[in-house]
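Have a look at the structure below before the remarks.
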Amino acid sequence: MQRPSLDDLAAFAVVARLRSFRRAAAELGTSTSNLSHTIRRLETRLGVRLLQRNSRSVSVSEAGEAVLGTLGPALQGIESVLQALDRGRQGVSGTLRLTATRQAYEAVIRPVLPAFVEEHPEATVEVLVEYAFRDIVADGFDAGIRFGEKIERDMIALKVGPDLRMAVVASPGYLARYGTPEHPRDLVRHRCIHYRMTSAGNLLPWRFRRGGEEFEVRVLGPLTFNDPSLTLDCALKGLGVGYMLEPDVATEIARGSLIRLFEAWTPPFPGFFLYHPSRRQMRPVFAAFLDFLRPLAASRHPDASRAHVEAG
């Protein structure tokens, strides 16, 4: 059997990732017909079918998945070495543009920012803090950081933080006045603080799960915000029950200024992901920033419950 070339294997990896010959050809800078010929040649040399394709879709065969299991990490390792050499030769300069929510900035960017700017004094960093979801390609961003649930499938995503949880909280004064709900469904009789998702336009649903039971509570209340800090402020003042990310209220819970309700009903869900369009288009300043984030990267938890929190 003739040994397949590394270029052919790399082309197969791109098609498998994008699930599209057209998009893969555009990324590789070749034609769809040439790419199709490359894959057929590779399959002939290996003697197995790597991709299942028809006029509408492309999927990876069982043999293709086996090849990817070894090929993917090997290609990433080669690419990382080449990028490191390139950064060492060119230096890191230019502007890194990121879009992130306030929570994503605090959890992901802020911890590494001092070391990054210290090590790369020629680089500049621009962070746009917002909750609306951005087209990072059209708007000229290197990457975005959001919850993984709404990231487009053709984006490359890297998990850059631990799993998170939601927390239902109320002040001691509120509970003394209105009583403590015993079950999440009792929240329909309480004054709850709504969160308006900027990109979707609808209200954040309050979802709960324990064991095999999972449901959504359609809460009511006189207050609606699109900024979590305002929800926190009103919850502290006893104006209603809040439904927020656990890190946003952890200090207040520890102090006793907020009481956490139904902790057993809010299991973990995958946290923040950094997403960007393509490794082939990665600039040195962005690649250097990724090096700082890799220690934060954690394994995905595909079976974890995902709260439908706004991703952007």
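In the structure tokens, chains take letters A, B, ... by order of appearance, with residues numbered from 1 within each chain and ligands from 1 in the order shown.
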
message = So that I can check the surroundings of Arg283 in chain A, please list as a PyMOL selection string every protein, DNA and RNA residue that reaches within 9 Å of it, counting only C-alpha atoms and ignoring chain neighbours fewer than 5 positions away.
response = chain A and resi 96+142+288

Written selection (N, CA and C atoms) as a PDB file, in the first residue's frame:
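So selection.pdb came out as:
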ATOM      1  N   LEU A  96      -5.301  42.621  19.466  1.00  0.00           N
ATOM      2  CA  LEU A  96      -6.156  41.460  19.697  1.00  0.00           C
ATOM      3  C   LEU A  96      -7.551  41.966  20.035  1.00  0.00           C
ATOM      4  N   ASP A 142     -11.052  38.730  16.605  1.00  0.00           N
ATOM      5  CA  ASP A 142     -10.277  37.495  16.562  1.00  0.00           C
ATOM      6  C   ASP A 142     -11.059  36.337  17.155  1.00  0.00           C
ATOM      7  N   ALA A 288      -0.786  33.693  20.533  1.00  0.00           N
ATOM      8  CA  ALA A 288      -0.097  33.900  21.811  1.00  0.00           C
ATOM      9  C   ALA A 288      -1.094  33.984  22.962  1.00  0.00           C
TER      10      ALA A 288
END

Could you please write out, as an NGL selection string, every residue of range 35-224 of chain A that DSSP assigns to helix (DSSP H, G or I)?
:A and (35-46 or 62-90 or 102-119 or 148-150 or 172-178 or 184-189)

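By only C-alpha atoms, and with residues fewer than 2 positions from Phe116 in chain A along its chain excluded, the set lying at most 12 Å from it is A:Val92, A:Ser93, A:Leu96, A:Ile109, A:Arg110, A:Pro111, A:Val112, A:Leu113, A:Pro114, A:Glu118, A:Glu119, A:His120, A:Pro121, A:Glu122, A:Ala123, A:Thr124, A:Val125, A:Val285, A:Phe286, A:Ala287, A:Ala288, A:Phe289, A:Leu290, A:Asp291, A:Phe292, A:Leu293.
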
Using the selection just defined, write its residues with C-alpha atoms as a PDB file, in the first residue's frame.
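Heads up, here's the output in part12.pdb:
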ATOM      1  CA  VAL A  92       3.856  39.287  18.920  1.00  0.00           C
ATOM      2  CA  SER A  93       2.364  42.638  18.000  1.00  0.00           C
ATOM      3  CA  LEU A  96      -6.156  41.460  19.697  1.00  0.00           C
ATOM      4  CA  ILE A 109      -9.835  37.241  30.279  1.00  0.00           C
ATOM      5  CA  ARG A 110      -9.152  39.149  33.484  1.00  0.00           C
ATOM      6  CA  PRO A 111      -7.080  36.383  35.173  1.00  0.00           C
ATOM      7  CA  VAL A 112      -4.589  36.136  32.266  1.00  0.00           C
ATOM      8  CA  LEU A 113      -4.552  39.741  31.060  1.00  0.00           C
ATOM      9  CA  PRO A 114      -1.753  41.109  33.321  1.00  0.00           C
ATOM     10  CA  GLU A 118       3.608  41.939  30.480  1.00  0.00           C
ATOM     11  CA  GLU A 119       5.035  39.217  28.229  1.00  0.00           C
ATOM     12  CA  HIS A 120       3.933  40.870  24.970  1.00  0.00           C
ATOM     13  CA  PRO A 121       4.437  44.635  25.380  1.00  0.00           C
ATOM     14  CA  GLU A 122       4.078  45.259  21.635  1.00  0.00           C
ATOM     15  CA  ALA A 123       0.541  43.812  21.605  1.00  0.00           C
ATOM     16  CA  THR A 124      -2.637  45.736  22.349  1.00  0.00           C
ATOM     17  CA  VAL A 125      -5.875  44.204  23.607  1.00  0.00           C
ATOM     18  CA  VAL A 285      -1.145  37.856  18.631  1.00  0.00           C
ATOM     19  CA  PHE A 286      -4.225  35.641  18.921  1.00  0.00           C
ATOM     20  CA  ALA A 287      -2.164  32.435  18.974  1.00  0.00           C
ATOM     21  CA  ALA A 288      -0.097  33.900  21.811  1.00  0.00           C
ATOM     22  CA  PHE A 289      -3.259  34.718  23.757  1.00  0.00           C
ATOM     23  CA  LEU A 290      -4.484  31.143  23.270  1.00  0.00           C
ATOM     24  CA  ASP A 291      -1.265  29.907  24.871  1.00  0.00           C
ATOM     25  CA  PHE A 292      -2.280  31.758  28.046  1.00  0.00           C
ATOM     26  CA  LEU A 293      -5.775  30.258  27.982  1.00  0.00           C
TER      27      LEU A 293
END

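Across the model, the gap from CA of Tyr178 in chain A to CA of His190 in chain A is 7.5 Å.
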
* Members of range 37-269 of chain A assigned strand (DSSP E or B) by DSSP, as JSON, numbers by chain -> {"A": [51, 52, 53, 58, 59, 60, 94, 95, 96, 97, 98, 99, 100, 123, 124, 125, 126, 127, 128, 129, 143, 144, 145, 146, 147, 156, 157, 158, 159, 164, 166, 167, 168, 169, 170, 191, 192, 193, 194, 195, 196, 203, 206, 207, 208, 209, 210, 213, 214, 215, 216, 217, 220, 221, 222, 223, 224, 225, 241, 242, 243, 244, 245, 259, 260, 261, 269]}

Go ahead and save the residues from that selection, with C-alpha atoms, as an mmCIF file, in the first residue's frame.
data_model
loop_
_atom_site.group_PDB
_atom_site.id
_atom_site.type_symbol
_atom_site.label_atom_id
_atom_site.label_comp_id
_atom_site.auth_asym_id
_atom_site.auth_seq_id
_atom_site.Cartn_x
_atom_site.Cartn_y
_atom_site.Cartn_z
ATOM 1 C CA LEU A 51 -16.331 9.931 4.534
ATOM 2 C CA GLN A 52 -19.960 9.237 3.749
ATOM 3 C CA ARG A 53 -21.254 11.875 1.369
ATOM 4 C CA VAL A 58 -20.965 14.828 4.608
ATOM 5 C CA SER A 59 -20.370 12.567 7.596
ATOM 6 C CA VAL A 60 -17.365 10.677 8.927
ATOM 7 C CA GLY A 94 -0.857 44.126 16.702
ATOM 8 C CA THR A 95 -4.299 44.417 18.227
ATOM 9 C CA LEU A 96 -6.156 41.460 19.697
ATOM 10 C CA ARG A 97 -9.940 42.062 19.462
ATOM 11 C CA LEU A 98 -12.280 40.015 21.651
ATOM 12 C CA THR A 99 -15.995 40.129 22.400
ATOM 13 C CA ALA A 100 -17.231 38.770 25.725
ATOM 14 C CA ALA A 123 0.541 43.812 21.605
ATOM 15 C CA THR A 124 -2.637 45.736 22.349
ATOM 16 C CA VAL A 125 -5.875 44.204 23.607
ATOM 17 C CA GLU A 126 -9.368 45.471 22.836
ATOM 18 C CA VAL A 127 -12.287 43.825 24.637
ATOM 19 C CA LEU A 128 -15.869 44.710 23.817
ATOM 20 C CA VAL A 129 -18.063 43.747 26.778
ATOM 21 C CA ALA A 143 -12.567 35.547 18.874
ATOM 22 C CA GLY A 144 -15.563 35.635 21.161
ATOM 23 C CA ILE A 145 -16.180 34.106 24.573
ATOM 24 C CA ARG A 146 -19.673 32.903 25.355
ATOM 25 C CA PHE A 147 -21.519 29.876 26.664
ATOM 26 C CA ILE A 156 -13.692 26.207 16.389
ATOM 27 C CA ALA A 157 -14.487 26.221 20.116
ATOM 28 C CA LEU A 158 -12.176 25.733 23.098
ATOM 29 C CA LYS A 159 -13.616 25.231 26.559
ATOM 30 C CA LEU A 164 -21.053 26.465 35.930
ATOM 31 C CA MET A 166 -27.341 28.664 38.162
ATOM 32 C CA ALA A 167 -28.463 29.847 41.602
ATOM 33 C CA VAL A 168 -31.921 30.874 42.789
ATOM 34 C CA VAL A 169 -31.470 33.523 45.482
ATOM 35 C CA ALA A 170 -33.519 35.809 47.684
ATOM 36 C CA ARG A 191 -42.076 38.050 42.805
ATOM 37 C CA CYS A 192 -39.299 36.922 40.455
ATOM 38 C CA ILE A 193 -36.799 39.144 38.651
ATOM 39 C CA HIS A 194 -36.697 38.502 34.899
ATOM 40 C CA TYR A 195 -33.601 38.646 32.709
ATOM 41 C CA ARG A 196 -34.104 39.820 29.112
ATOM 42 C CA LEU A 203 -36.910 36.240 28.766
ATOM 43 C CA TRP A 206 -35.970 29.246 34.729
ATOM 44 C CA ARG A 207 -35.118 25.574 34.298
ATOM 45 C CA PHE A 208 -34.650 22.917 36.944
ATOM 46 C CA ARG A 209 -33.501 19.301 36.959
ATOM 47 C CA ARG A 210 -33.021 16.667 39.618
ATOM 48 C CA GLU A 213 -37.267 15.175 36.571
ATOM 49 C CA GLU A 214 -36.725 18.256 34.441
ATOM 50 C CA PHE A 215 -39.060 21.193 33.915
ATOM 51 C CA GLU A 216 -39.326 24.932 33.323
ATOM 52 C CA VAL A 217 -41.135 27.335 35.670
ATOM 53 C CA LEU A 220 -43.905 36.186 37.238
ATOM 54 C CA GLY A 221 -42.594 39.460 38.567
ATOM 55 C CA PRO A 222 -42.612 43.238 38.222
ATOM 56 C CA LEU A 223 -38.921 43.691 37.283
ATOM 57 C CA THR A 224 -36.979 42.865 34.093
ATOM 58 C CA PHE A 225 -33.343 43.692 33.312
ATOM 59 C CA VAL A 241 -36.154 36.332 43.704
ATOM 60 C CA GLY A 242 -33.189 36.169 41.318
ATOM 61 C CA TYR A 243 -31.993 33.427 38.957
ATOM 62 C CA MET A 244 -28.297 34.055 38.323
ATOM 63 C CA LEU A 245 -24.963 32.451 37.643
ATOM 64 C CA ILE A 259 -30.154 32.841 50.682
ATOM 65 C CA ARG A 260 -29.760 30.153 48.046
ATOM 66 C CA LEU A 261 -32.862 28.134 47.191
ATOM 67 C CA PHE A 269 -23.729 22.890 32.713
#

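In this structure, CA of Ala138 in chain A sits 27.6 Å away from CA of Pro228 in chain A.
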